[in-house]
Structures are given as C-alpha cells and as structure tokens.
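Heads up, the thing below is written out as structure tokens.
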Amino acid sequence: MISQKQLQVLAFGESRYDALICDGAIRSGKTAFMSVGFVLWAMKYFTGRNFAICGKTVGTAMKNIVVPLMDLSYMRRRYDMKLSRAENKLTVSRGGRTNTFYIYGGKDESSYMLIQGITLAGVMLDETALMTRSFVEQALARCSVEGSKFWFNCNPAGPKHWFYEEWVCKAEEKNALHLHFEMRDNPSLSEEMLRRYESLYTGVFYQRYILGLWVNAEGTIYREFAGAVTSAQNRFLWPPDQKLKPWRVNIGVDFGGHLSKHSFVAVGVLPGWSGCVGLMSCRVEPYGEDADHLAVQFLRFAQAVFSRYGRIDAVYADSAEQTLIRHLISRAQASELPWLAVRIGNSAKIEINDRIRLTSILMAAGRFWYMPEAQTLRDALAAALWDSRSPAQDRRLDDGTTDIDTLDAFEYAIERDYKRYLKSSEVNG
Ligand SMILES: Nc1ncnc2c1ncn2[C@@H]1O[C@H](COP(=O)(O)OP(=O)(O)OP(=O)(O)O)[C@@H](O)[C@H]1O
Ligand SMILES: [Mg+2]
C-alpha cells in the first residue's frame with residue numbers, strides 16, 4: 001500500500017517543479033520513497049550523467065538509502081545496480097542507459113572537497129537539516145545539466161534554521177513542491193507502532209519528530225522530568241521497595257576549571273540496556289589545579305559506589321584533560337581499588353544534542369530513574385535549559401548558571417551505549 005503523499009513523491013519527476021521538499025515526522029516514508037523516485041526519474045530522463053546521493057555522512061547515506069534501494073526487489077528486477085564501496089558510487093543501468101550516483105556526506109569534510117569538481121544532473125539530500133549549508137549550496141551549484149532537479153528531505157529543526165528560511169518558506173518562489181509528512185503517511189505503520197513512536201518523544205522533540213513542526217527549542221529541556229521531581233508521585237525516583245542490582249556500573253567524570261567544579265556521576269545499566277539509573281553523584285571544588293585533591297575525591301566516590309553496588313565496569317573522563325586522566329589512573333593503581341586503573345578511559349564526547357536526545361528518549365519511555373544519592377544529577381537534569389540566544393541552532397545553555405558539569409559527567413557515563421540503548425527500544429534513531 002502506498003499513501004497519497006508517497007505517490008506524489010514518485011510523480012515529482014514528471015512535474016513542472018524544479019525541487020521537491022519533503023519535511024515532517026520520522027518514519028513517514030520520506031527517505032524510502034524519495035530514493036526510489038530519484039533513481040526512476042534519473043533513469044527515465046538521462047543517460048551517461050552523474051547524480052549525487054547525500055546523507056548526513058557517507059556511512060548513513062549507504063545505510064539509509066543505498067543498501068535499502070539495492071535490496072528492493074522492484075529495483076533489482078528493473079535495473080542492473082553495481083555498488084563500488086571503494087569509490088562510493090552506485091552505477092545503475094538498463095537497456096543501454098547508464099547513470100552514476102556518487103554518494104556523499106553533508107557533514108564530511110572530504111565530501112565537500114570531492115563534490116566541488118563534479119557536474120551533476122540531480123541531487124538527493126537526505127536529512128538536509130543536518131548538513132552544513134556550504135555543502136548543500138555546493139551540491140546545488142554543481143547541478144548544471146538541463147532538466148536537473150533537487151530532491152530534499154528532512155525532519156524539522158528550529159524556525160530560524162537556514163533550510164527552513166531559505167527553502168521551506170520560499171518554496172513557491174523557488175518553484176519547489178513542498179510536501180509535509182506525518183507518520184500516518186506511512187501506511188505500513190500499525191496503530192501500535194504509531195503509539196510506540198509517539199511515546200518516545202516529549203517536548204520539542206515531540207513537536208518536531210512526531211508532529212513534524214519547525215519549532216524552537218526553548219525553556220526547560222527535560223520538562224516532564226522537571227515537573228515530576230517536584231510532584232508527590234515522582235516516577236523517576238527508583239521505587240524504594242524494589243531491589244536494585246545493576247547489570248553494569250559506569251562512572252562519568254567531568255573536570256572542573258576556575259568557574260566550574262569536578263563532577264562525578266555513577267550510572268547503573270539495567271539488563272540488556274533496557275534502561276539506566278543514576279546511582280550516585282557529587283560535585284567537588286577543584287582547589288585550583290590540585291590533581292591530588294581531585295584523585296583523592298574521585299577514589300572516595302568510586303569506593304562508595306563500589307561498596308554499595310559491588311562493581312565498577314568503566315570510568316569515562318573528559319578526554320580534553322589527558323594529564324588529569326593519567327593522574328587518576330596512577331593514583332587508582334596505588335589505591336584500594338587497583339583494578340580500577342585499567343577501566344579508566346576517555347569520554348566519547350558525541351554531539352551534545354545527540355546526548356540530549358538519548359536522555360529524552362530514556363525518560364519518555366520510562367527507562368530512566370535515579371537514586372536519592374544522585375541528588376546533584378537530579379537537580380542538574382531538572383534545571384537544564386535551552387539557550388534562548390541561539391534560535392538558529394539548538395544549544396544548551398552553558399553560561400555558568402546551570403550545572404553543566406554534572407550533565408556532562410552523566411552523559412559521558414551513557415553516551416558510549418547510545419546505539420545499544422536505542423536498539424533495545426527497537427528504534428534506530
Ligand atoms: N508505503 C509503504 N509500504 C511499506 N513500507 C513502507 C511504506 N512507507 C514507508 N515504509 C517503511 O517504513 C520505514 C520508514 O520509512 P523511511 O525510513 O523512509 O521514513 P523517513 O520519513 O525517512 O523517516 P526518518 O525521518 O526517521 O528518516 C522504512 O522501513 C520504509 O521502508
Ligand atoms: Mg529518512
């Protein structure tokens with residue numbers, strides 16, 4: 001079954017429009033139908049030409065676009081498709097016609113260099129709002145072949161985002177067909193799946209990813225959490241009558257500077273990454289650059305966590321401070337927890353908005369709790385704010401008025417399991 005919107009995507013190649021913009025909800029079939037429509041159009045009207053298939057990175061373009069396209073039996077029956085992973089290109093042939101589709105990443109430096117030299121007859125940009133503006137503009141500028149078209153799709157960001165202002169709002173002026181997608185435009189989703197996806201998001205993420213609206217990230221980041229913390233039946237506090245035996249225990253460490261404090265957060269992982277619990281957290285004055293003081297405080301914290309929960313599997317510390325990390329390791333070797341030394345390593349530092357997204361998903365799905373000993377973590381999460389001074393970009397407020405140190409430490413403890421947590425909810429973000 002194919003929805004009306006999806007049929008419009010397939011028919012766009014035949015239309016009088018120069019560009020197609022599909023924005024809106026996740027899982028609505030934007031990528032799937034745009035990829036098919038793009039190749040059908042290219043093969044019908046051109047031969048011996050180059051096209052660009054762009055994702056956020058080359059890797060995501062391969063995974064979300066090229067591999068699913070090559071797996072479709074409809075496409076396999078119709079075309080001869082050859083993928084060269086070494087050259088990041090897909091060659092498609094049928095009945096004496098051949099076109100080449102180069103695969104780029106809108107956030108990859110190397111893609112920007114590579115796309116500069118090429119002449120294109122069309123470009124498909126998947127998740128356009130996540131690409132750099134310079135890459136997108138370069139890709140469009142390469143389309144000099146008569147009859148070329150632009151195919152854009154994305155989930156919404158803020159209303160000041162350049163793509164919204166320049167393309168979505170100016171669709172008519174640019175002779176672009178704008179199709180707004182909702183999850184119900186994907187007929188393959190059952191009511192149960194729709195409800196499950198809806199329950200994954202709250203706040204600004206719900207408005208963007210479920211309703212498909214271009215709205216600002218403003219005010220409190222974790223609204224439901226902040227609300228629950230002040231209510232009598234706080235659903236995020238681990239139930240006192242329920243025994244807690246974490247499957248794994250990770251500690252995140254953020255080092256303080258002259259304006260901030262050292263922050264330690266221990267997180268318990270529940271079996272199969274089904275959820276996590278903030279176990280213990282604390283903040284410590286840095287006393288200038290006294291690395292010994294830091295090590296003593298850290299080991300005291302680690303000892304408390306170990307005595308209570310019987311394990312510490314990994315410590316992820318702010319990777320910007322290698323000297324301090326080495327100091328923690330050497331002091332751990334000489335401590336009562338010498339085995340801890342080899343478990344101390346670097347934070348992964350994934351993008352802050354990805355960390356926020358992970359935390360929101362865990363909270364929305366009822367997969368995050370905290371213990372009474374994690375009070376600084378509770379307060380930091382409840383107080384986290386979006387920065388109202390940067391409407392063009394989602395940015396967390398980091399001006400010293402909120403406890404960013406503790407948020408960082410918490411995120412270092414969970415971010416390395418990003419994919420495992422999402423996989424456990426069977427959502428591949
Ligand atoms: N009409 C349909 N029939 C069968 N399967 C469909 C249909 N439409 C979409 N799907 C499937 O639903 C899933 C989600 O579609 P797709 O990835 O294209 O959504 P999307 O809008 O690009 O989502 P996101 O914004 O998360 O990238 C895919 O597995 C896709 O193959
Ligand atoms: Mg998509």
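Following the order of the structure tokens, chains are lettered A, B, ..., residues in each are numbered from 1, and ligands are numbered from 1.
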At most 9 Å from ligand 1 (only C-alpha atoms and all ligand atoms): residue list as a PyMOL selection string: chain A and resi 1-3+6+22-35+64-65+68+126-127+153-155+181-183+185-189+209+428-429
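If you count only C-alpha atoms and ignore residues fewer than 5 places along the chain from Ile404 (chain A), what sits within 9 Å of it is Ser260, Ala380, Ala384, Arg396, Leu397, Asp398, Asp399 and Ala409 of chain A.
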Residue among A:Ala42, A:Met363, A:Leu130, A:Ala121 lying closest to ligand 2, counting only C-alpha atoms and all ligand atoms: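 That would be A:Leu130, the residue with the smallest distance to ligand 2.
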Selection: 10 Å around Ser335 (chain A), only C-alpha atoms, excl. self and same-chain fewer than 6 positions, as an MDAnalysis selection string: chainID A and resid 296 299 303 329 341
The selected residues should be written to file as a PDB file, in the first residue's frame (atoms: C-alpha atoms).
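Output file again17.pdb follows:
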ATOM      1  CA  VAL A 296      41.521  11.576  46.400  1.00  0.00           C
ATOM      2  CA  LEU A 299      38.691   7.500  44.652  1.00  0.00           C
ATOM      3  CA  GLN A 303      34.909   3.456  46.778  1.00  0.00           C
ATOM      4  CA  ILE A 329      44.978   6.141  36.647  1.00  0.00           C
ATOM      5  CA  ALA A 341      43.105   1.763  36.891  1.00  0.00           C
TER       6      ALA A 341
END
Distance criterion (only C-alpha atoms): nearest to Cys143 (chain A) out of A:Met113, A:Ala52, A:Ala320, A:Val92: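 Distance minimum relative to Cys143 (chain A) lands on A:Ala52.
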Nearest residue to ligand 2 from the set A:Phe46, A:Phe163, A:Phe410, A:Phe152 (distances using only C-alpha atoms and all ligand atoms):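 Closest to ligand 2 of all the choices is A:Phe152.
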CA of Tyr74 (chain A) to CA of Leu194 (chain A), distance in Å rounded to a single decimal: 26.5 Å
Long-range neighbours of Arg367 (chain A) as JSON, numbers by chain, 7 Å cut-off, only C-alpha atoms, 5 positions minimum in chain: {"A": [274, 275, 276, 362]}
All alpha helix (DSSP H) residues (DSSP, backbone) inside region 80-147 of chain A, as a PyMOL selection string: chain A and resi 109-115+133-141
Closest of A:Asp394, A:Glu165, A:Glu351, A:Asp387 to Glu415 (chain A) - atom-to-atom distances counting only C-alpha atoms: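 The closest residue to Glu415 (chain A) is A:Glu351.
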Strand (DSSP E or B) per DSSP on the backbone: members of region 178-254 of chain A, as a list of chain:residue names: A:His178, A:Leu179, A:His180, A:Phe181, A:Thr220, A:Leu237, A:Arg248, A:Val249, A:Asn250, A:Ile251, A:Gly252, A:Val253, A:Asp254
How would the residues just picked look written out with C-alpha atoms as an mmCIF file, in the first residue's frame?
data_model
loop_
_atom_site.group_PDB
_atom_site.id
_atom_site.type_symbol
_atom_site.label_atom_id
_atom_site.label_comp_id
_atom_site.auth_asym_id
_atom_site.auth_seq_id
_atom_site.Cartn_x
_atom_site.Cartn_y
_atom_site.Cartn_z
ATOM 1 C CA HIS A 178 6.632 21.206 -0.572
ATOM 2 C CA LEU A 179 5.123 18.052 0.928
ATOM 3 C CA HIS A 180 4.601 17.892 4.664
ATOM 4 C CA PHE A 181 4.676 14.356 6.069
ATOM 5 C CA THR A 220 13.395 23.650 30.204
ATOM 6 C CA LEU A 237 12.825 8.105 41.612
ATOM 7 C CA ARG A 248 26.845 -2.751 34.825
ATOM 8 C CA VAL A 249 28.069 0.378 36.559
ATOM 9 C CA ASN A 250 29.742 3.228 34.678
ATOM 10 C CA ILE A 251 31.153 6.412 36.133
ATOM 11 C CA GLY A 252 31.370 9.676 34.196
ATOM 12 C CA VAL A 253 33.908 12.308 35.264
ATOM 13 C CA ASP A 254 33.942 15.950 34.249
#
Straight-line distance linking CA of Asp108 (chain A) with CA of Ser360 (chain A), stated in Å to one decimal: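 So the answer is 26.9 Å.
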Near-Arg395 (chain A) list (9 Å; only C-alpha atoms; drop same-chain fewer than 3 positions) as a ChimeraX atom specification: /A:217,352-353,385-391,398
Selection from above, N, CA and C atoms, as a PDB file, in the first residue's frame, can you write it?
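Saved the output as result27.pdb:
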ATOM      1  N   ALA A 217      13.616  25.184  20.177  1.00  0.00           N
ATOM      2  CA  ALA A 217      13.942  24.522  21.429  1.00  0.00           C
ATOM      3  C   ALA A 217      14.102  25.635  22.452  1.00  0.00           C
ATOM      4  N   ILE A 352      26.366  17.084  21.657  1.00  0.00           N
ATOM      5  CA  ILE A 352      25.527  17.347  22.827  1.00  0.00           C
ATOM      6  C   ILE A 352      24.052  17.093  22.516  1.00  0.00           C
ATOM      7  N   ASN A 353      23.609  17.481  21.328  1.00  0.00           N
ATOM      8  CA  ASN A 353      22.192  17.262  21.025  1.00  0.00           C
ATOM      9  C   ASN A 353      21.840  15.783  20.897  1.00  0.00           C
ATOM     10  N   LEU A 385      18.505  23.922  30.611  1.00  0.00           N
ATOM     11  CA  LEU A 385      17.734  24.856  29.777  1.00  0.00           C
ATOM     12  C   LEU A 385      18.301  24.940  28.365  1.00  0.00           C
ATOM     13  N   TRP A 386      17.431  25.244  27.420  1.00  0.00           N
ATOM     14  CA  TRP A 386      17.901  25.606  26.084  1.00  0.00           C
ATOM     15  C   TRP A 386      18.341  27.065  26.117  1.00  0.00           C
ATOM     16  N   ASP A 387      19.316  27.378  25.285  1.00  0.00           N
ATOM     17  CA  ASP A 387      19.848  28.735  25.227  1.00  0.00           C
ATOM     18  C   ASP A 387      18.972  29.574  24.291  1.00  0.00           C
ATOM     19  N   SER A 388      18.279  30.539  24.861  1.00  0.00           N
ATOM     20  CA  SER A 388      17.328  31.316  24.049  1.00  0.00           C
ATOM     21  C   SER A 388      18.045  32.279  23.110  1.00  0.00           C
ATOM     22  N   ARG A 389      19.354  32.461  23.316  1.00  0.00           N
ATOM     23  CA  ARG A 389      20.059  33.421  22.454  1.00  0.00           C
ATOM     24  C   ARG A 389      20.534  32.821  21.139  1.00  0.00           C
ATOM     25  N   SER A 390      20.273  31.525  20.909  1.00  0.00           N
ATOM     26  CA  SER A 390      20.733  30.941  19.644  1.00  0.00           C
ATOM     27  C   SER A 390      19.587  30.242  18.914  1.00  0.00           C
ATOM     28  N   PRO A 391      18.604  31.020  18.435  1.00  0.00           N
ATOM     29  CA  PRO A 391      17.426  30.402  17.825  1.00  0.00           C
ATOM     30  C   PRO A 391      17.720  29.624  16.537  1.00  0.00           C
ATOM     31  N   ASP A 398      24.908  27.282  28.574  1.00  0.00           N
ATOM     32  CA  ASP A 398      26.163  26.940  29.245  1.00  0.00           C
ATOM     33  C   ASP A 398      26.849  28.233  29.652  1.00  0.00           C
TER      34      ASP A 398
END
Contact residues around Ser319 (chain A) with only C-alpha atoms at 7 Å, ignoring same-chain residues under 3 positions, as a ChimeraX atom specification: /A:322,346-347
Expected file: the selected residues, C-alpha atoms, as a compact mmCIF listing (two decimals), in the first residue's frame:
# COMPACT_ATOMS: atom_id res chain seq x y z
CA GLN A 322 44.75 13.75 29.42
CA ASN A 346 38.25 8.71 27.64
CA SER A 347 34.77 10.09 27.21
Between CA of Asn175 (chain A) and CA of Ala11 (chain A), distance in Å (one decimal):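 These two atoms are separated by 15.7 Å.
Take the candidates A:Tyr287, A:Tyr421, A:Gln138, A:Asn99 and check each one against Gly117 (chain A) using only C-alpha atoms; the shortest distance goes to A:Gln138.
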All residues 12 Å or closer to Arg331 (chain A), only C-alpha atoms, same chain fewer than 3 positions away omitted, as a VMD selection string: chain A and resid 291 to 300 324 to 328 334 to 342 344
